[in-house]
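Here is the file my_file_7.txt (compact mmCIF, C-alpha atoms and all ligand atoms).
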```
# COMPACT_ATOMS: atom_id res chain seq x y z
CA VAL E 97 5.05 6.75 -29.63
CA HIS E 98 1.93 8.56 -28.47
CA VAL E 99 -1.06 6.53 -27.40
CA ASP E 100 -4.64 7.70 -27.17
CA PRO E 101 -5.89 5.64 -24.21
CA ALA E 102 -9.44 5.79 -25.57
CA THR E 103 -8.36 3.61 -28.53
CA LEU E 104 -6.94 0.81 -26.34
CA GLU E 105 -9.03 -2.31 -25.89
CA GLY E 106 -9.54 -4.90 -23.17
CA ARG E 107 -6.78 -5.02 -20.55
CA LEU E 108 -4.40 -2.77 -22.50
CA PRO E 109 -5.25 0.52 -20.73
CA TYR E 110 -4.74 -1.23 -17.38
CA ARG E 111 -1.43 -2.72 -18.53
CA LEU E 112 -0.14 0.60 -19.84
CA LEU E 113 -1.10 2.44 -16.66
CA THR E 114 0.28 -0.11 -14.23
CA SER E 115 3.56 -0.59 -16.08
CA LEU E 116 4.27 3.15 -15.95
CA VAL E 117 3.00 4.15 -12.51
CA VAL E 118 5.80 2.25 -10.81
CA PRO E 119 6.92 1.15 -8.32
CA ARG E 120 3.67 1.11 -6.36
CA PRO E 121 3.69 0.46 -2.62
CA ILE E 122 1.36 -2.30 -1.49
CA ALA E 123 -1.41 -1.87 1.05
CA TRP E 124 -2.13 -5.35 2.39
CA VAL E 125 -5.65 -4.63 3.60
CA SER E 126 -7.20 -6.64 6.41
CA SER E 127 -10.88 -6.13 7.10
CA LEU E 128 -13.93 -7.87 8.53
CA SER E 129 -17.23 -8.58 6.87
CA ALA E 130 -20.47 -7.61 8.63
CA ASP E 131 -20.71 -11.21 9.94
CA GLY E 132 -17.11 -11.23 11.16
CA THR E 133 -15.28 -13.14 8.40
CA ARG E 134 -11.65 -12.07 8.13
CA ASN E 135 -10.41 -10.75 4.78
CA LEU E 136 -6.92 -9.92 3.55
CA ALA E 137 -5.98 -8.62 0.08
CA PRO E 138 -3.19 -6.57 -1.51
CA HIS E 139 -3.90 -3.20 -3.14
CA SER E 140 -1.08 -1.42 -4.93
CA TYR E 141 -3.17 1.65 -5.65
CA PHE E 142 -2.08 2.94 -2.25
CA ASN E 143 -0.62 6.14 -1.00
CA ALA E 144 -0.26 8.77 1.69
CA ILE E 145 -2.72 11.65 1.51
CA SER E 146 -2.28 13.80 4.63
CA SER E 147 0.19 13.90 7.52
CA SER E 148 -1.84 16.27 9.71
CA PRO E 149 -3.94 14.36 10.56
CA LEU E 150 -2.69 11.06 9.11
CA ILE E 151 -4.81 9.96 6.15
CA VAL E 152 -4.00 7.17 3.69
CA HIS E 153 -5.88 5.68 0.77
CA PHE E 154 -6.21 2.49 -1.23
CA THR E 155 -8.30 1.99 -4.33
CA SER E 156 -10.46 -0.98 -5.20
CA THR E 157 -10.80 -1.35 -8.97
CA GLY E 158 -14.33 -2.62 -9.10
CA VAL E 159 -16.32 -3.87 -6.14
CA LYS E 160 -14.44 -6.52 -4.17
CA ASP E 161 -14.67 -8.01 -0.67
CA SER E 162 -12.28 -5.47 0.91
CA LEU E 163 -14.41 -2.59 -0.36
CA ARG E 164 -17.67 -4.28 0.68
CA ASN E 165 -16.25 -4.91 4.17
CA VAL E 166 -15.03 -1.35 4.60
CA ARG E 167 -18.41 -0.02 3.47
CA ALA E 168 -20.13 -2.27 6.04
CA THR E 169 -17.79 -1.97 9.03
CA GLU E 170 -15.86 1.28 8.37
CA GLU E 171 -12.58 -0.13 9.68
CA PHE E 172 -9.47 -1.67 8.10
CA VAL E 173 -5.78 -2.23 8.64
CA ILE E 174 -3.10 -1.57 6.02
CA ASN E 175 -0.20 -3.96 6.60
CA ILE E 176 3.14 -3.15 4.98
CA VAL E 177 4.61 -5.97 2.87
CA SER E 178 8.29 -6.78 3.44
CA GLY E 179 10.34 -9.12 1.24
CA ASP E 180 9.78 -12.14 3.47
CA LEU E 181 5.98 -11.89 3.06
CA VAL E 182 5.69 -11.76 -0.71
CA ARG E 183 4.61 -15.37 -1.19
CA GLU E 184 1.84 -15.02 1.40
CA MET E 185 0.77 -11.63 0.03
CA ASN E 186 0.44 -13.14 -3.43
CA ILE E 187 -1.68 -16.05 -2.15
CA THR E 188 -4.13 -13.58 -0.59
CA SER E 189 -4.69 -11.94 -4.00
CA ALA E 190 -6.45 -15.04 -5.36
CA ASP E 191 -10.17 -14.81 -6.12
CA PHE E 192 -11.40 -16.37 -2.88
CA PRO E 193 -15.15 -16.34 -2.27
CA PRO E 194 -16.20 -13.90 0.49
CA GLU E 195 -16.68 -16.62 3.12
CA GLU E 196 -13.04 -17.76 2.86
CA ASP E 197 -10.46 -16.45 5.33
CA GLU E 198 -7.26 -15.47 3.47
CA PHE E 199 -5.23 -15.52 6.71
CA THR E 200 -5.89 -19.25 6.98
CA TRP E 201 -5.26 -19.93 3.29
CA ALA E 202 -1.90 -18.15 3.39
CA GLY E 203 -0.92 -19.75 6.72
CA LEU E 204 -0.67 -16.37 8.39
CA GLU E 205 -1.20 -15.56 12.02
CA ALA E 206 -3.24 -12.51 12.91
CA THR E 207 -2.73 -10.40 15.98
CA PRO E 208 -5.19 -7.94 17.56
CA SER E 209 -5.05 -4.31 16.53
CA GLU E 210 -4.97 -1.61 19.17
CA LYS E 211 -8.00 0.47 18.17
CA VAL E 212 -9.88 -1.29 15.36
CA ALA E 213 -11.60 -4.65 15.11
CA PRO E 214 -9.75 -6.11 12.06
CA GLU E 215 -6.54 -7.81 13.15
CA ARG E 216 -3.18 -7.15 11.56
CA VAL E 217 -0.77 -9.63 9.98
CA ALA E 218 1.41 -10.72 12.91
CA ARG E 219 4.57 -10.91 10.80
CA ALA E 220 4.09 -7.51 9.13
CA LYS E 221 6.67 -5.09 10.47
CA ALA E 222 4.36 -2.09 10.25
CA ALA E 223 0.65 -1.39 9.93
CA PHE E 224 -1.82 1.49 9.83
CA GLU E 225 -5.07 1.02 11.75
CA CYS E 226 -7.72 3.00 9.89
CA ARG E 227 -11.29 4.21 10.25
CA LEU E 228 -13.12 5.02 7.06
CA ASN E 229 -13.08 8.72 6.23
CA ARG E 230 -14.89 8.50 2.87
CA ILE E 231 -15.07 6.60 -0.40
CA VAL E 232 -14.72 8.52 -3.65
CA SER E 233 -15.56 6.67 -6.87
CA LEU E 234 -13.87 7.80 -10.10
CA GLY E 235 -14.01 5.67 -13.26
CA ASN E 236 -13.73 2.05 -12.13
CA GLY E 237 -11.76 3.04 -9.02
CA HIS E 238 -13.32 3.28 -5.59
CA MET E 239 -10.87 5.29 -3.51
CA VAL E 240 -11.05 4.40 0.16
CA PHE E 241 -9.69 7.12 2.43
CA GLY E 242 -8.78 6.10 5.96
CA ASP E 243 -8.09 8.18 9.06
CA VAL E 244 -5.13 6.51 10.72
CA VAL E 245 -6.00 5.97 14.39
CA SER E 246 -2.94 3.94 15.34
CA VAL E 247 0.37 3.04 13.69
CA TYR E 248 2.17 -0.19 14.53
CA VAL E 249 5.95 -0.21 14.10
CA ASP E 250 8.02 -3.26 15.03
CA ASP E 251 10.71 -2.25 17.55
CA ASP E 252 13.37 -3.85 15.32
CA LEU E 253 12.59 -1.35 12.57
CA VAL E 254 13.67 1.65 14.59
CA VAL E 255 17.26 2.84 14.24
CA ASP E 256 18.24 6.19 15.82
CA GLY E 257 14.59 7.04 16.40
CA LYS E 258 13.69 6.55 12.73
CA VAL E 259 12.15 3.77 10.69
CA SER E 260 14.91 2.04 8.76
CA ALA E 261 13.98 1.30 5.15
CA GLU E 262 16.85 -1.17 5.07
CA ARG E 263 15.16 -3.17 7.82
CA LEU E 264 11.63 -2.71 6.48
CA ARG E 265 12.67 -3.96 3.03
CA PRO E 266 9.35 -3.00 1.48
CA VAL E 267 8.14 -4.68 -1.68
CA ALA E 268 6.49 -2.68 -4.44
CA ARG E 269 4.59 -3.73 -7.51
CA LEU E 270 5.62 -3.05 -11.09
CA GLY E 271 3.66 -4.03 -14.24
CA GLY E 272 2.13 -7.50 -14.58
CA ALA E 273 3.57 -9.99 -12.10
CA GLU E 274 6.80 -8.03 -11.55
CA TYR E 275 7.88 -6.67 -8.19
CA VAL E 276 10.82 -4.87 -6.67
CA GLU E 277 12.19 -5.24 -3.16
CA VAL E 278 13.94 -2.18 -1.75
CA LYS E 279 17.57 -3.12 -1.21
CA GLU E 280 19.72 -0.40 -2.75
CA ILE E 281 19.09 2.80 -0.86
CA PHE E 282 20.74 6.15 -1.52
CA GLU E 283 20.36 9.51 0.16
CA ILE E 284 20.18 12.90 -1.50
CA PRO E 285 19.36 15.93 0.67
CA ARG E 286 16.79 18.38 -0.68
CA PRO E 287 18.39 21.72 -1.67
CA THR E 288 17.00 25.13 -0.80
CA TRP E 289 16.55 27.78 -3.48
CA ALA E 290 19.14 29.93 -1.64
CA GLU E 291 21.75 27.18 -1.94
CA LEU E 292 21.02 26.73 -5.64
CA ARG E 293 21.29 30.50 -6.26
CA ALA E 294 24.57 30.70 -4.34
CA GLU E 295 25.92 27.81 -6.41
CA ARG E 296 24.98 29.50 -9.69
CA GLU E 297 26.56 32.80 -8.65
CA ARG E 298 29.80 31.27 -7.44
CA PRO E 299 32.63 32.22 -9.83
CA GLN E 300 33.75 29.31 -12.02
CA ASP E 301 37.38 28.32 -11.84
C1 LIG X 1 0.46 -6.86 -5.64
C2 LIG X 1 -1.01 -6.76 -5.97
C3 LIG X 1 -1.60 -5.52 -6.00
C4 LIG X 1 -2.97 -5.39 -6.25
N1 LIG X 1 -3.52 -4.15 -6.26
C5 LIG X 1 -4.85 -4.00 -6.40
C6 LIG X 1 -5.46 -2.71 -6.30
O1 LIG X 1 -4.79 -1.69 -6.10
N2 LIG X 1 -6.81 -2.64 -6.40
C7 LIG X 1 -7.57 -3.74 -6.60
O2 LIG X 1 -8.78 -3.60 -6.69
N3 LIG X 1 -7.03 -4.97 -6.72
C8 LIG X 1 -5.69 -5.12 -6.60
N4 LIG X 1 -5.13 -6.37 -6.69
C9 LIG X 1 -5.99 -7.53 -6.89
C10 LIG X 1 -6.69 -7.92 -5.60
O3 LIG X 1 -5.76 -8.22 -4.58
C11 LIG X 1 -7.58 -9.15 -5.85
O4 LIG X 1 -8.59 -8.81 -6.77
C12 LIG X 1 -8.18 -9.72 -4.60
O5 LIG X 1 -8.81 -10.94 -4.87
C13 LIG X 1 -9.20 -8.79 -3.96
O6 LIG X 1 -9.58 -9.39 -2.75
P1 LIG X 1 -10.94 -9.09 -2.00
O7 LIG X 1 -12.07 -9.49 -2.91
O8 LIG X 1 -10.81 -9.94 -0.79
O9 LIG X 1 -10.95 -7.61 -1.67
C14 LIG X 1 -3.76 -6.54 -6.50
C15 LIG X 1 -3.14 -7.79 -6.49
C16 LIG X 1 -1.79 -7.92 -6.24
C17 LIG X 1 -1.15 -9.26 -6.22
```
Mind turning this structure into structure tokens?
Ligand SMILES: Cc1cc2nc3c(=O)[nH]c(=O)nc-3n(C[C@H](O)[C@H](O)[C@H](O)COP(=O)(O)O)c2cc1C
Amino acid sequence: VHVDPATLEGRLPYRLLTSLVVPRPIAWVSSLSADGTRNLAPHSYFNAISSSPLIVHFTSTGVKDSLRNVRATEEFVINIVSGDLVREMNITSADFPPEEDEFTWAGLEATPSEKVAPERVARAKAAFECRLNRIVSLGNGHMVFGDVVSVYVDDDLVVDGKVSAERLRPVARLGGAEYVEVKEIFEIPRPTWAELRAERERPQD
């Protein structure tokens, strides 16, 4: 079936998009309002943009507290959500009024960041401390680009000098209220063109 997205009504375009762009990593964004109220909310429109220097992005669909805070204070932390934090992450997605502190509501402890004012989720195994680079608005999405000024990695995550996905156990969002937790991991090395050519030219037996 082919669908012209312009003909879809209500929530249908959103549902179609978010059930096909999957799985989406989750940026659990902590920020501070201009008057210092803590805020925490998940954003699954999240990705890496640049590794030199490190730049990441999350997108607010519509104007929400996280976006307002980042506009006002230009700092935020992206906490990574592991399997054991899903319940708390979900609580923080409720439509709290701006004066409510989601850390308190979810029973989460915060711990100071190294270089930015918003604190990180103490139990999160990894976090990116970010300073606002720019906000680009497209359609109903406000893309928030952050320069990463410090990366927190829990010592327990590191195996042979690398971050272990098995230990991080990240959770990603699918369509609707469905999620996936990374458990089954496989490895497949990237081939070079030379290897692929050599394979094609090898005589068949
Ligand atoms: C897993 C998950 C992913 C979400 N992703 C986004 C997103 O990418 N962008 C967005 O604007 N809202 C997203 N939401 C909804 C926000 O978390 C929700 O609107 C929240 O109340 C916003 O909080 P704030 O007003 O404190 O910023 C998501 C919710 C969940 C549970």
Task: For ligand LIG 1 (chain X), the nearest of the candidates E:Val254, E:Ala222, E:Ala290, E:Val117, counting all atoms listed in the file - done: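 Among the listed residues, the smallest separation from ligand LIG 1 (chain X) belongs to E:Val117.
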Which residues come within 12 Å of Val182 (chain E), counting only C-alpha atoms, excluding same-chain residues fewer than 4 positions away, as a PDB file with C-alpha atoms, in the frame of the given file?
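Below is the file selection-v4.pdb, written as the result:
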```pdb
ATOM      1  CA  ILE E 122       1.360  -2.300  -1.490  1.00  0.00           C
ATOM      2  CA  TRP E 124      -2.130  -5.350   2.390  1.00  0.00           C
ATOM      3  CA  PRO E 138      -3.190  -6.570  -1.510  1.00  0.00           C
ATOM      4  CA  ILE E 176       3.140  -3.150   4.980  1.00  0.00           C
ATOM      5  CA  VAL E 177       4.610  -5.970   2.870  1.00  0.00           C
ATOM      6  CA  SER E 178       8.290  -6.780   3.440  1.00  0.00           C
ATOM      7  CA  ASN E 186       0.440 -13.140  -3.430  1.00  0.00           C
ATOM      8  CA  ILE E 187      -1.680 -16.050  -2.150  1.00  0.00           C
ATOM      9  CA  THR E 188      -4.130 -13.580  -0.590  1.00  0.00           C
ATOM     10  CA  SER E 189      -4.690 -11.940  -4.000  1.00  0.00           C
ATOM     11  CA  ALA E 202      -1.900 -18.150   3.390  1.00  0.00           C
ATOM     12  CA  ARG E 219       4.570 -10.910  10.800  1.00  0.00           C
ATOM     13  CA  ALA E 220       4.090  -7.510   9.130  1.00  0.00           C
ATOM     14  CA  ARG E 265      12.670  -3.960   3.030  1.00  0.00           C
ATOM     15  CA  PRO E 266       9.350  -3.000   1.480  1.00  0.00           C
ATOM     16  CA  VAL E 267       8.140  -4.680  -1.680  1.00  0.00           C
ATOM     17  CA  ALA E 268       6.490  -2.680  -4.440  1.00  0.00           C
ATOM     18  CA  ARG E 269       4.590  -3.730  -7.510  1.00  0.00           C
ATOM     19  CA  ALA E 273       3.570  -9.990 -12.100  1.00  0.00           C
ATOM     20  CA  GLU E 274       6.800  -8.030 -11.550  1.00  0.00           C
ATOM     21  CA  TYR E 275       7.880  -6.670  -8.190  1.00  0.00           C
ATOM     22  CA  VAL E 276      10.820  -4.870  -6.670  1.00  0.00           C
ATOM     23  CA  GLU E 277      12.190  -5.240  -3.160  1.00  0.00           C
TER      24      GLU E 277
END
```
- [ ] Would you list the contacts of Leu234 (chain E) as a count of residues only, taking every protein, DNA or RNA residue within 10 Å and counting only C-alpha atoms, but skipping same-chain residues closer than 4 positions in sequence?
- [x] 4
Open item on the list: What's the separation between CA of Phe282 (chain E) and CA of Ala261 (chain E), in Å to one decimal place?
Closed with: 10.7 Å
Open item on the list: Hey, which residues sit close to ligand LIG 1 (chain X)? Say within 7 Å, counting only C-alpha atoms and all ligand atoms, and write them as an MDAnalysis selection string.
Closed with: chainID E and resid 122 135:142 154:158 160:163 185:186 188:192 194 269
TODO: Kindly indicate which residue among E:Val245, E:Leu253, E:Leu150, E:Leu104 lies nearest to Phe172 (chain E), using only C-alpha atoms for the distances.
DONE: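 Among E:Val245, E:Leu253, E:Leu150, E:Leu104, it is E:Val245 that comes nearest to Phe172 (chain E).
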Task: Contacts of Asn165 (chain E) at 10 Å (only C-alpha atoms; same-chain gap of 6+ positions) as a ChimeraX atom specification - done: /E:126-135,171-172,194
- [ ] Point out the residue among E:Asn229, E:Asn236, E:Ser148, E:Ser209 with the least atom-to-atom distance to Asn175 (chain E), counting all atoms listed in the file.
- [x]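 The answer is E:Ser209, which sits nearest to Asn175 (chain E).
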- [ ] Show which residues sit within 8 Å of Pro149 (chain E), as a ChimeraX atom specification. Count all atoms listed in the file, and ignore same-chain residues fewer than 3 positions away.
- [x] /E:146,243-244
Keeping C-alpha atoms, export the residues of the selection given above as a PDB file, in the coordinates of the input.
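New file again.pdb:
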```pdb
ATOM      1  CA  SER E 146      -2.280  13.800   4.630  1.00  0.00           C
ATOM      2  CA  ASP E 243      -8.090   8.180   9.060  1.00  0.00           C
ATOM      3  CA  VAL E 244      -5.130   6.510  10.720  1.00  0.00           C
TER       4      VAL E 244
END
```
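For the atom pair formed by CA of Arg120 (chain E) and CA of Lys279 (chain E), the distance is 15.4 Å, given to one decimal.
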